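> Contents of protein-v4.txt (compact mmCIF, C-alpha atoms):
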# COMPACT_ATOMS: atom_id res chain seq x y z
CA GLU A 1 69.88 233.99 225.05
CA LEU A 2 73.16 233.31 226.86
CA GLN A 3 74.72 236.39 225.28
CA GLU A 4 71.67 238.55 226.01
CA VAL A 5 71.72 237.60 229.69
CA ALA A 6 75.51 238.02 229.83
CA ASN A 7 75.01 241.65 228.75
CA GLU A 8 73.18 242.19 232.06
CA PHE A 9 76.48 241.51 233.87
CA PRO A 10 78.85 244.18 232.48
CA ASP A 11 81.49 243.58 235.17
CA ALA A 12 81.88 239.89 234.26
CA SER A 13 83.50 238.36 231.19
CA PHE A 14 81.86 235.27 229.65
CA SER A 15 83.11 232.86 226.98
CA PHE A 16 80.59 230.55 225.31
CA GLU A 17 81.00 227.03 223.93
CA THR A 18 78.13 224.85 222.75
CA GLY A 19 78.09 221.12 222.20
CA ASP A 20 77.05 217.77 223.58
CA LEU A 21 78.44 215.79 226.50
CA ALA A 22 81.74 214.75 224.90
CA HIS A 23 82.33 218.12 223.24
CA GLY A 24 81.62 219.97 226.51
CA LEU A 25 84.31 218.08 228.40
CA ALA A 26 86.87 218.31 225.58
CA SER A 27 86.21 222.03 225.18
CA ALA A 28 86.53 222.73 228.91
CA LEU A 29 89.81 220.82 229.16
CA LYS A 30 91.17 222.57 226.06
CA MET A 31 90.31 226.04 227.41
CA PHE A 32 91.24 225.34 231.03
CA HIS A 33 94.65 227.01 230.67
CA LEU A 34 92.91 230.35 229.95
CA ASP A 35 92.45 230.88 233.69
CA PHE A 36 88.67 230.91 234.15
CA ASP A 37 87.21 231.38 237.63
CA VAL A 38 83.97 229.42 237.18
CA VAL A 39 82.39 227.10 234.60
CA ILE A 40 78.63 227.18 233.96
CA SER A 41 77.10 224.09 232.40
CA ARG A 42 73.98 221.94 232.26
CA GLY A 43 72.91 218.41 232.98
CA GLY A 44 75.29 215.51 232.50
CA THR A 45 78.01 217.81 231.18
CA ALA A 46 77.92 219.79 234.44
CA GLN A 47 78.19 216.57 236.43
CA ILE A 48 81.19 215.34 234.42
CA LEU A 49 82.93 218.74 234.53
CA GLU A 50 82.50 218.85 238.30
CA ASP A 51 84.42 215.57 238.55
CA GLU A 52 87.16 216.66 236.12
CA LEU A 53 87.86 220.33 236.92
CA SER A 54 89.40 221.93 240.00
CA ILE A 55 87.40 225.17 239.64
CA PRO A 56 83.74 225.58 240.69
CA VAL A 57 81.07 224.35 238.27
CA VAL A 58 77.66 226.05 238.43
CA GLU A 59 74.81 223.96 237.09
CA MET A 60 72.21 225.78 235.00
CA GLY A 61 68.81 224.52 236.06
CA ILE A 62 65.41 224.05 234.48
CA THR A 63 62.39 225.86 235.95
CA ALA A 64 58.70 224.94 235.72
CA PRO A 65 58.13 227.49 232.89
CA ASP A 66 61.17 226.03 231.05
CA LEU A 67 59.66 222.56 231.32
CA VAL A 68 56.21 223.62 230.08
CA SER A 69 57.74 225.63 227.24
CA SER A 70 59.96 222.71 226.17
CA PHE A 71 56.92 220.46 225.81
CA SER A 72 54.57 223.00 224.23
CA ASN A 73 55.09 221.53 220.75
CA LEU A 74 54.17 217.95 221.69
CA PRO A 75 51.00 216.58 220.04
CA LYS A 76 47.79 217.12 222.05
CA ASN A 77 47.17 213.38 222.32
CA THR A 78 50.48 212.72 224.15
CA THR A 79 49.79 210.52 227.18
CA CYS A 80 53.21 209.43 228.42
CA ILE A 81 56.83 210.35 227.71
CA ALA A 82 60.19 209.01 228.89
CA ALA A 83 62.73 211.31 230.50
CA VAL A 84 66.16 209.77 229.96
CA GLY A 85 69.24 211.47 231.35
CA PHE A 86 71.62 212.11 234.20
CA ARG A 87 70.21 211.76 237.69
CA ASN A 88 71.21 215.31 238.74
CA VAL A 89 68.88 216.78 236.10
CA LEU A 90 66.02 214.34 236.43
CA GLN A 91 65.79 214.68 240.22
CA ASN A 92 65.45 218.45 239.78
CA ILE A 93 62.65 218.26 237.22
CA LYS A 94 60.75 215.37 238.82
CA PRO A 95 58.72 217.60 241.21
CA LEU A 96 57.79 219.88 238.28
CA THR A 97 56.22 217.17 236.13
CA SER A 98 52.91 217.37 238.03
CA LEU A 99 52.30 220.56 235.99
CA LEU A 100 52.32 218.61 232.73
CA PRO A 101 49.16 217.18 231.10
CA PHE A 102 50.78 213.75 230.60
CA GLU A 103 52.75 211.18 232.57
CA VAL A 104 56.55 211.16 232.69
CA ASP A 105 58.56 207.98 233.37
CA PHE A 106 62.17 208.53 234.48
CA TYR A 107 65.25 206.63 233.32
CA ALA A 108 68.09 208.08 235.41
CA ILE A 109 71.74 207.31 234.74
CA ASP A 110 74.90 208.15 236.67
CA PHE A 111 77.51 207.51 233.96
CA GLU A 112 77.62 208.21 230.23
CA ASP A 113 78.12 204.56 229.28
CA GLU A 114 74.69 203.72 230.82
CA LEU A 115 72.87 206.03 228.41
CA GLU A 116 72.45 203.70 225.45
CA GLU A 117 70.93 200.93 227.56
CA ALA A 118 68.53 203.39 229.25
CA LEU A 119 67.45 204.68 225.83
CA ARG A 120 66.91 201.14 224.56
CA ASP A 121 64.70 200.38 227.59
CA ALA A 122 62.68 203.53 226.90
CA LEU A 123 62.37 202.72 223.18
CA ASP A 124 61.13 199.20 223.99
CA ASN A 125 58.25 200.74 225.94
CA GLU A 126 57.08 202.84 222.95
CA TYR A 127 56.60 206.22 224.59
CA ASP A 128 55.02 209.12 222.72
CA ALA A 129 58.32 210.99 223.08
CA ILE A 130 61.70 210.84 224.78
CA THR A 131 63.31 213.85 226.39
CA LYS A 132 66.76 214.84 227.72
CA ALA A 133 69.17 212.50 225.89
CA PHE A 134 68.40 214.42 222.70
CA ASN A 135 71.25 213.63 220.26
CA GLN A 136 71.53 209.97 221.22
CA ALA A 137 67.75 209.47 221.12
CA ARG A 138 67.54 211.02 217.63
CA LEU A 139 70.38 208.79 216.40
CA MET A 140 68.41 205.78 217.64
CA GLY A 141 65.33 206.90 215.71
CA ALA A 142 63.25 208.15 218.65
CA GLU A 143 60.90 211.14 218.73
CA ALA A 144 63.13 213.26 220.97
CA HIS A 145 62.71 216.67 222.57
CA LEU A 146 65.37 218.86 224.13
CA LEU A 147 64.79 220.49 227.51
CA VAL A 148 65.90 224.11 227.24
CA SER A 149 66.83 226.46 230.09
CA GLY A 150 65.10 229.82 229.73
CA LYS A 151 66.44 233.27 230.54
CA ASP A 152 65.50 233.08 234.25
CA SER A 153 67.48 229.84 234.64
CA ILE A 154 70.43 231.32 232.75
CA ARG A 155 70.29 234.52 234.83
CA ALA A 156 70.23 232.53 238.10
CA ALA A 157 73.30 230.51 237.02
CA PHE A 158 75.18 233.64 235.92
CA SER A 159 74.34 235.40 239.22
CA HIS A 160 75.60 232.42 241.18
CA ALA A 161 78.83 232.33 239.15
CA VAL A 162 79.41 236.07 239.70
CA GLN A 163 78.85 235.63 243.46
CA ILE A 164 81.49 232.89 243.53
CA CYS A 165 83.94 235.18 241.73
CA GLU A 166 83.25 238.02 244.17
CA LEU A 167 83.73 235.75 247.20
CA ASN A 168 86.96 234.35 245.77
CA GLY A 169 88.20 237.88 245.04
CA ALA A 170 87.47 239.02 248.60
CA LEU A 171 89.26 235.95 249.98
CA GLU A 172 92.33 236.57 247.80
CA GLU A 173 92.44 240.21 248.89
CA ARG A 174 92.26 239.23 252.54
CA THR A 175 95.02 236.65 252.06
CA ARG A 176 97.28 239.19 250.31
CA PHE A 177 96.67 241.73 253.08
CA LEU A 178 97.56 239.17 255.75
CA GLN A 179 100.72 238.12 253.87
CA GLU A 180 101.87 241.74 253.52
CA MET A 181 101.14 242.44 257.19
CA LEU A 182 103.14 239.42 258.32
CA ARG A 183 106.06 240.23 255.98
CA SER A 184 106.22 243.80 257.30
CA CYS A 185 106.54 242.39 260.82
CA GLY A 186 109.48 240.22 259.75
CA ILE A 187 107.59 236.97 260.38
CA ASP A 188 108.76 233.93 258.40
CA LEU A 189 106.60 231.20 259.96
CA VAL A 190 102.86 231.41 260.61
CA VAL A 191 100.90 228.86 262.66
CA TYR A 192 97.12 228.46 262.49
CA THR A 193 94.73 226.44 264.67
CA PRO A 194 92.67 223.73 262.89
CA ASP A 195 89.70 226.13 262.78
CA GLY A 196 91.76 228.77 260.94
CA ARG A 197 92.70 231.18 263.75
CA LEU A 198 96.16 232.73 263.66
CA VAL A 199 98.42 231.63 266.55
Re-express the file's structure as structure tokens.

Amino acid sequence: ELQEVANEFPDASFSFETGDLAHGLASALKMFHLDFDVVISRGGTAQILEDELSIPVVEMGITAPDLVSSFSNLPKNTTCIAAVGFRNVLQNIKPLTSLLPFEVDFYAIDFEDELEEALRDALDNEYDAITKAFNQARLMGAEAHLLVSGKDSIRAAFSHAVQICELNGALEERTRFLQEMLRSCGIDLVVYTPDGRLV
């Protein structure tokens, strides 16, 4: 789906890497020297990358249709599930859970090392299913479900990333033009006011 949506943006070049939280960070740091303009990511990985990278990170969201679709394969008798994951994701999906035919209890974390304890708390409460912390929940023997971003969410993230690139390009062009103009006037020192006006 990422590749299909990327084809809708012929003027942009995308590179794809898939993996979990640890792999996402390692991959981004390994590829950072390739001179990317923007990184697009999801959930906890997006939050960590934002802290670690100096370039913009666009977070791919989850829409109401994504949420309903992700839970469409749950048993009909499901009454309550636990949503365990990073706060930035859970706060975005919380308003959407009123559309679901069961209750959702939230276990939000801010740091990766809090995840295991949050999962253990959720497992102690014997929910019908656990969502978000997919790999870790499966390793701990839980009935886990992955929340998946659909094409509309992917498209919105890609559009946002392209807008950032366009804005940065326009800013660089303006800066180059100003530098050339000042050089042609023989100016060696330029003074700006705190609000960015040229003195």
> I'd like to know which of A:Gly61, A:Ala83, A:Gly24, A:Asn77 is closest to Leu146 (chain A), using only C-alpha atoms.
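Closest candidate: A:Ala83.
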> Can you work out the spacing between CA of Phe86 (chain A) and CA of Gly43 (chain A) in Å, to one decimal?
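Taking CA of Phe86 (chain A) and CA of Gly43 (chain A), their separation equals 6.5 Å.
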> Rounded to one decimal, what separation in Å do you get between CA of Gly150 (chain A) and CA of Glu112 (chain A)?
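Straight-line distance from CA of Gly150 (chain A) to CA of Glu112 (chain A) works out to 25.0 Å.
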> Taking all atoms of region 189-193 of chain A that appear in the file, build a box with edges along x, y and z, extend it by 8 Å on every side, and state its centre and edge lengths in Å to one decimal, as JSON.

{"center_x": 100.7, "center_y": 228.9, "center_z": 262.3, "size_x": 27.9, "size_y": 21.0, "size_z": 20.7}
> Counting all atoms listed in the file, what is within 10 Å of Lys94 (chain A), bar same-chain residues fewer than 2 positions away, as number ranges by chain?
A: 83, 89-92, 96-98, 104-106
> Could you check the closest approach to Asn73 (chain A) for each of A:Ala144, A:Ala108, A:Cys185, A:Leu167 and tell me which residue wins, using all atoms listed in the file?
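Result for the nearest residue to Asn73 (chain A): A:Ala144.
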> Any idea what's packed within 12 Å of Asn88 (chain A), counting all atoms listed in the file, ignoring anything in its chain fewer than 5 positions away? Could you give it as a list of chain:residue names?
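Here the answer would be A:Arg42, A:Gly43, A:Gly44, A:Thr45, A:Ala46, A:Gln47, A:Ile48, A:Glu50, A:Glu59, A:Met60, A:Gly61, A:Ile62, A:Ile93, A:Lys94, A:Tyr107, A:Ala108, A:Ile109, A:Asp110, A:Phe111, A:Lys132.
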> Could you pull the residues within 12 Å of Asp11 (chain A), counting only C-alpha atoms, minus those fewer than 3 positions along the same chain, as a VMD selection string?
chain A and resid 6 to 8 14 158 to 159 162 to 163 165 to 166
> CA of Val39 (chain A) and CA of Val58 (chain A) are how many Å apart?
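Straight-line distance from CA of Val39 (chain A) to CA of Val58 (chain A) works out to 6.2 Å.
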> Taking all atoms listed in the file into account, name the residue in A:Leu100, A:Ile55, A:Leu147, A:Gln179 that is nearest to Ser70 (chain A).
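Checking each candidate against Ser70 (chain A), we get A:Leu147 as the closest.
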> Here is a test: counting only C-alpha atoms, which residue of A:Leu119, A:Leu53, A:Leu178, A:Val148 is nearest to Leu67 (chain A)?
A:Val148
> For a quick check of understanding, using only C-alpha atoms, which of A:Phe71, A:Tyr192, A:Tyr127, A:Phe36 has the smallest distance to Ser15 (chain A)?
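Selected residue with least distance to Ser15 (chain A): A:Phe36.
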> Find the residue from A:Ile187, A:Ala82, A:Leu123, A:Leu49 that sits nearest to Ser27 (chain A); use all atoms listed in the file when measuring.
A:Leu49
